[in-house]
$ cat start33.txt   # compact mmCIF, C-alpha atoms
# COMPACT_ATOMS: atom_id res chain seq x y z
CA LYS A 1459 -8.85 -7.57 -14.16
CA GLY A 1460 -8.88 -6.69 -17.82
CA LYS A 1461 -5.11 -6.10 -18.02
CA PRO A 1462 -2.81 -8.64 -19.64
CA LEU A 1463 -0.14 -9.96 -17.29
CA ASP A 1464 3.48 -10.66 -18.04
CA TYR A 1465 3.74 -13.99 -16.27
CA SER A 1466 7.52 -13.98 -16.63
CA LEU A 1467 7.57 -11.23 -13.97
CA ILE A 1468 5.32 -12.98 -11.45
CA PRO A 1469 7.12 -15.12 -8.85
CA ILE A 1470 6.04 -18.73 -8.55
CA MET A 1471 5.57 -20.42 -5.15
CA ILE A 1472 5.84 -24.18 -5.13
CA GLU A 1473 5.10 -26.82 -2.55
CA GLY A 1474 4.98 -30.56 -2.91
CA LYS A 1475 6.78 -33.86 -2.82
CA ASP A 1476 8.88 -33.58 -5.97
CA LEU A 1477 10.27 -30.08 -5.64
CA ASP A 1478 12.96 -30.70 -8.25
CA LEU A 1479 10.35 -31.55 -10.89
CA LEU A 1480 8.11 -28.65 -9.85
CA THR A 1481 11.08 -26.27 -10.00
CA GLU A 1482 12.04 -27.55 -13.44
CA VAL A 1483 8.51 -27.09 -14.78
CA ALA A 1484 8.08 -23.67 -13.14
CA SER A 1485 11.42 -22.51 -14.54
CA LEU A 1486 9.92 -22.76 -18.04
CA TRP A 1487 7.93 -19.59 -17.20
CA GLN A 1488 9.86 -17.85 -14.48
CA SER A 1489 13.24 -17.74 -12.74
CA ASN A 1490 11.83 -16.36 -9.47
CA ILE A 1491 10.73 -19.62 -7.90
CA TYR A 1492 10.24 -20.00 -4.16
CA GLN A 1493 9.73 -23.17 -2.19
CA LEU A 1494 7.22 -22.36 0.55
CA ASP A 1495 5.17 -24.46 2.93
CA SER A 1496 1.40 -23.94 3.19
CA GLU A 1497 1.57 -21.70 6.24
CA SER A 1498 4.19 -19.45 4.64
CA ARG A 1499 2.12 -19.22 1.43
CA ARG A 1500 -0.98 -18.22 3.44
CA LYS A 1501 1.01 -15.52 5.25
CA LEU A 1502 2.50 -14.28 1.98
CA HIS A 1503 -1.01 -14.13 0.50
CA LEU A 1504 -2.23 -12.04 3.45
CA ALA A 1505 0.74 -9.67 3.02
CA SER A 1506 -0.08 -9.33 -0.69
CA VAL A 1507 -3.73 -8.55 0.10
CA ILE A 1508 -2.65 -5.82 2.51
CA ALA A 1509 0.02 -4.43 0.18
CA CYS A 1510 -2.02 -4.53 -3.02
CA ASN A 1511 -5.76 -4.87 -2.46
CA LEU A 1512 -5.97 -2.57 0.54
CA THR A 1513 -3.69 -0.02 -1.09
CA ASN A 1514 -5.94 -0.13 -4.14
CA ARG A 1515 -8.89 0.60 -1.85
CA LEU A 1516 -7.05 3.66 -0.56
CA TRP A 1517 -6.52 4.79 -4.14
CA ALA A 1518 -10.26 4.33 -4.83
CA LEU A 1519 -11.14 6.42 -1.77
CA CYS A 1520 -8.66 9.04 -2.94
CA GLU A 1521 -10.29 9.05 -6.36
CA ASP A 1522 -13.71 9.55 -4.72
CA TYR A 1523 -12.30 12.42 -2.67
CA LEU A 1524 -10.77 14.09 -5.75
CA GLU A 1525 -14.01 13.72 -7.73
CA LYS A 1526 -15.77 15.86 -5.11
CA ILE A 1527 -13.43 18.78 -5.76
CA PRO A 1528 -15.20 21.20 -8.11
CA ASN A 1529 -12.27 21.50 -10.49
CA PRO A 1530 -12.18 19.39 -13.67
CA ASN A 1531 -8.36 19.60 -13.77
CA ILE A 1532 -7.98 17.61 -10.55
CA ASN A 1533 -8.08 13.83 -10.94
CA MET A 1534 -6.06 10.69 -10.30
CA ALA A 1535 -3.89 11.30 -13.38
CA ILE A 1536 -2.19 14.14 -11.50
CA LEU A 1537 -1.15 11.68 -8.79
CA GLN A 1538 0.08 8.97 -11.18
CA PRO A 1539 3.75 10.10 -11.23
CA LEU A 1540 3.80 10.29 -7.44
CA LEU A 1541 2.18 6.86 -7.10
CA SER A 1542 4.65 5.36 -9.57
CA GLU A 1543 7.61 6.92 -7.76
CA THR A 1544 6.33 5.66 -4.40
CA VAL A 1545 6.09 2.09 -5.70
CA ALA A 1546 9.46 2.33 -7.47
CA LYS A 1547 11.13 3.63 -4.32
CA ILE A 1548 10.44 0.46 -2.33
CA ALA A 1549 12.36 -1.57 -4.90
CA THR A 1550 15.54 -0.07 -3.44
CA LEU A 1551 14.47 1.13 0.02
CA SER A 1552 12.62 -0.42 2.91
CA PRO A 1553 9.09 1.04 3.06
CA ARG A 1554 10.01 2.40 6.49
CA LEU A 1555 12.90 4.38 5.00
CA ALA A 1556 10.79 5.48 2.03
CA GLN A 1557 8.00 6.85 4.24
CA THR A 1558 7.39 10.55 3.66
CA GLY A 1559 4.62 13.00 4.45
CA PRO A 1560 3.45 15.03 7.41
CA ALA A 1561 3.31 12.11 9.86
CA ALA A 1562 6.86 11.00 8.99
CA ARG A 1563 8.03 14.60 9.53
CA GLY A 1564 6.00 15.02 12.71
CA ASP A 1565 4.12 17.93 11.13
CA LEU A 1566 1.20 17.91 13.53
CA GLY A 1567 -0.15 21.23 12.25
CA THR A 1568 -0.65 19.85 8.75
CA ILE A 1569 -2.12 16.64 10.18
CA ASP A 1570 -4.64 18.68 12.17
CA LYS A 1571 -5.61 20.62 9.02
CA HIS A 1572 -6.05 17.39 7.08
CA ARG A 1573 -8.28 15.99 9.82
CA VAL A 1574 -10.50 19.07 9.65
CA MET A 1575 -10.67 18.78 5.85
CA LEU A 1576 -11.84 15.17 6.18
CA GLY A 1577 -14.39 15.94 8.89
CA ASN A 1578 -17.36 15.34 6.60
CA GLN A 1579 -15.97 12.01 5.32
CA PRO A 1580 -15.94 9.71 8.35
CA GLU A 1581 -14.65 6.58 6.57
CA LEU A 1582 -11.69 8.37 5.03
CA LEU A 1583 -11.03 10.28 8.27
CA ALA A 1584 -10.96 7.05 10.28
CA ILE A 1585 -8.48 5.49 7.84
CA TYR A 1586 -6.38 8.67 7.79
CA ASN A 1587 -6.31 8.73 11.59
CA MET A 1588 -5.41 5.06 11.94
CA LEU A 1589 -2.57 5.12 9.41
CA THR A 1590 -1.27 8.53 10.50
CA ASP A 1591 -1.26 7.46 14.14
CA SER A 1592 0.60 4.30 13.15
CA ILE A 1593 3.31 6.33 11.39
CA LEU A 1594 3.57 8.79 14.29
CA ALA A 1595 3.91 5.91 16.76
CA GLU A 1596 6.61 4.25 14.68
CA LYS A 1597 8.50 7.55 14.48
CA ASN A 1598 8.04 7.97 18.27
CA ILE A 1599 6.32 11.30 17.77
CA ASN A 1600 4.40 12.22 20.92
CA THR A 1601 0.90 13.54 20.26
CA ASN A 1602 -0.29 13.59 23.87
CA ASN A 1603 -2.38 16.57 24.94
CA ARG A 1604 -3.49 17.25 21.36
CA GLU A 1605 -7.10 17.50 20.37
CA ARG A 1606 -8.32 15.20 17.66
CA ASN A 1607 -11.25 15.71 15.31

$ encode --input "start33.txt" --output "structure tokens"
Amino acid sequence: KGKPLDYSLIPIMIEGKDLDLLTEVASLWQSNIYQLDSESRRKLHLASVIACNLTNRLWALCEDYLEKIPNPNINMAILQPLLSETVAKIATLSPRLAQTGPAARGDLGTIDKHRVMLGNQPELLAIYNMLTDSILAEKNINTNNRERN
């Protein structure tokens, strides 16, 4: 919204009877052309919603959280280099290999502190818990017998 797009960078998905003609026409704008059936396109769309729209929602919740800190020097601009580096990293690494943070390290003490800090923000705490628990499970980090806020 409100930002011009460079369509030469956006991949084109095509489906139809005359794929050669569609490819030829699409190649006028882009060289990243993929032939996908309807089911594959629907699944790709869902993946893009999760990767982009839901991530953007996390950023919005982060912005809300930062706005509640009584310090005018703390805002999303501080996080911009980190966000850019995180996105750039997955151009060369699998997101699994690029995963960092307390859950990836198994730093349960920091995770517990974060959960306490989010105690008065139930929506953000629930999201934090769900995603943190997912990372811990993938890393096979055992959290049994631990209290959770």

$ axis_aligned_box --input "start33.txt" --around "stretch 1570-1587 of chain A" --padding-each-side "8 Å" --output "lines of an AutoDock Vina configuration file"
center_x = -11.0
center_y = 13.1
center_z = 8.6
size_x = 28.7
size_y = 31.1
size_z = 23.1

$ residues_around --input "start33.txt" --residues "A:Leu1583" --least-positions-apart "2" --cutoff "12 Å" --atoms "only C-alpha atoms" --output "list in words"
Leu1516, Leu1519, Cys1520, Tyr1523, Ile1569, Asp1570, Lys1571, His1572, Arg1573, Val1574, Met1575, Leu1576, Gly1577, Asn1578, Gln1579, Pro1580, Glu1581, Ile1585, Tyr1586, Asn1587, Met1588, Leu1589, Thr1590, Asp1591, Arg1606 and Asn1607 of chain A

$ write_last_selection --input "start33.txt" --atoms "C-alpha atoms" --output "CSV table (one decimal), keeping the file's coordinate frame"
chain,number,residue,atom,x,y,z
A,1516,LEU,CA,-7.0,3.7,-0.6
A,1519,LEU,CA,-11.1,6.4,-1.8
A,1520,CYS,CA,-8.7,9.0,-2.9
A,1523,TYR,CA,-12.3,12.4,-2.7
A,1569,ILE,CA,-2.1,16.6,10.2
A,1570,ASP,CA,-4.6,18.7,12.2
A,1571,LYS,CA,-5.6,20.6,9.0
A,1572,HIS,CA,-6.0,17.4,7.1
A,1573,ARG,CA,-8.3,16.0,9.8
A,1574,VAL,CA,-10.5,19.1,9.6
A,1575,MET,CA,-10.7,18.8,5.8
A,1576,LEU,CA,-11.8,15.2,6.2
A,1577,GLY,CA,-14.4,15.9,8.9
A,1578,ASN,CA,-17.4,15.3,6.6
A,1579,GLN,CA,-16.0,12.0,5.3
A,1580,PRO,CA,-15.9,9.7,8.4
A,1581,GLU,CA,-14.6,6.6,6.6
A,1585,ILE,CA,-8.5,5.5,7.8
A,1586,TYR,CA,-6.4,8.7,7.8
A,1587,ASN,CA,-6.3,8.7,11.6
A,1588,MET,CA,-5.4,5.1,11.9
A,1589,LEU,CA,-2.6,5.1,9.4
A,1590,THR,CA,-1.3,8.5,10.5
A,1591,ASP,CA,-1.3,7.5,14.1
A,1606,ARG,CA,-8.3,15.2,17.7
A,1607,ASN,CA,-11.2,15.7,15.3

$ closest_residue --input "start33.txt" --among "A:Pro1539, A:Glu1596, A:Met1534, A:Ile1527" --to "A:Ala1561" --atoms "all atoms listed in the file"
A:Glu1596

$ residues_near_point --input "start33.txt" --point "(11.4, 4.8, 13.3)" --cutoff "10 Å" --atoms "all atoms listed in the file" --output "ChimeraX atom specification"
/A:1554-1555,1557,1562,1593-1599

$ residues_near_point --input "start33.txt" --point "(7.7, -25.1, 1.6)" --cutoff "8 Å" --atoms "all atoms listed in the file" --output "PyMOL selection string"
chain A and resi 1472-1474+1493-1496+1498

$ residues_around --input "start33.txt" --residues "A:Asn1490" --least-positions-apart "2" --cutoff "7 Å" --atoms "only C-alpha atoms" --output "NGL selection string"
:A and (1469-1470 or 1488 or 1492)

$ closest_residue --input "start33.txt" --among "A:Ala1509, A:Ala1518, A:Ile1468, A:Ile1491" --to "A:Ile1548" --atoms "only C-alpha atoms"
A:Ala1509

$ atom_distance --input "start33.txt" --atom1 "atom CA of A:Cys1510" --atom2 "atom CA of A:Ala1549"
14.8 Å

$ build_atoms --input "start33.txt" --residues "stretch 1558-1571 of chain A" --atoms "N, CA and C atoms" --output "mmCIF file, in the coordinates of the input"
data_model
loop_
_atom_site.group_PDB
_atom_site.id
_atom_site.type_symbol
_atom_site.label_atom_id
_atom_site.label_comp_id
_atom_site.auth_asym_id
_atom_site.auth_seq_id
_atom_site.Cartn_x
_atom_site.Cartn_y
_atom_site.Cartn_z
ATOM 1 N N THR A 1558 7.337 9.097 3.654
ATOM 2 C CA THR A 1558 7.390 10.550 3.660
ATOM 3 C C THR A 1558 6.054 11.086 4.133
ATOM 4 N N GLY A 1559 5.899 12.377 4.125
ATOM 5 C CA GLY A 1559 4.620 13.000 4.450
ATOM 6 C C GLY A 1559 4.618 13.641 5.815
ATOM 7 N N PRO A 1560 3.509 14.272 6.158
ATOM 8 C CA PRO A 1560 3.450 15.030 7.410
ATOM 9 C C PRO A 1560 3.653 14.172 8.658
ATOM 10 N N ALA A 1561 3.134 12.955 8.668
ATOM 11 C CA ALA A 1561 3.310 12.110 9.860
ATOM 12 C C ALA A 1561 4.784 11.716 10.019
ATOM 13 N N ALA A 1562 5.442 11.384 8.929
ATOM 14 C CA ALA A 1562 6.860 11.000 8.990
ATOM 15 C C ALA A 1562 7.716 12.184 9.454
ATOM 16 N N ARG A 1563 7.301 13.404 9.117
ATOM 17 C CA ARG A 1563 8.030 14.600 9.530
ATOM 18 C C ARG A 1563 7.615 15.094 10.911
ATOM 19 N N GLY A 1564 6.523 14.535 11.442
ATOM 20 C CA GLY A 1564 6.000 15.020 12.710
ATOM 21 C C GLY A 1564 5.319 16.370 12.583
ATOM 22 N N ASP A 1565 4.786 16.659 11.406
ATOM 23 C CA ASP A 1565 4.120 17.930 11.130
ATOM 24 C C ASP A 1565 2.678 17.871 11.617
ATOM 25 N N LEU A 1566 2.521 18.064 12.919
ATOM 26 C CA LEU A 1566 1.200 17.910 13.530
ATOM 27 C C LEU A 1566 0.227 19.002 13.094
ATOM 28 N N GLY A 1567 0.733 20.166 12.741
ATOM 29 C CA GLY A 1567 -0.150 21.230 12.250
ATOM 30 C C GLY A 1567 -0.832 20.840 10.953
ATOM 31 N N THR A 1568 -0.064 20.293 10.015
ATOM 32 C CA THR A 1568 -0.650 19.850 8.750
ATOM 33 C C THR A 1568 -1.609 18.689 8.989
ATOM 34 N N ILE A 1569 -1.238 17.775 9.868
ATOM 35 C CA ILE A 1569 -2.120 16.640 10.180
ATOM 36 C C ILE A 1569 -3.449 17.147 10.731
ATOM 37 N N ASP A 1570 -3.397 18.116 11.626
ATOM 38 C CA ASP A 1570 -4.640 18.680 12.170
ATOM 39 C C ASP A 1570 -5.496 19.303 11.066
ATOM 40 N N LYS A 1571 -4.868 20.016 10.131
ATOM 41 C CA LYS A 1571 -5.610 20.620 9.020
ATOM 42 C C LYS A 1571 -6.249 19.541 8.143
#
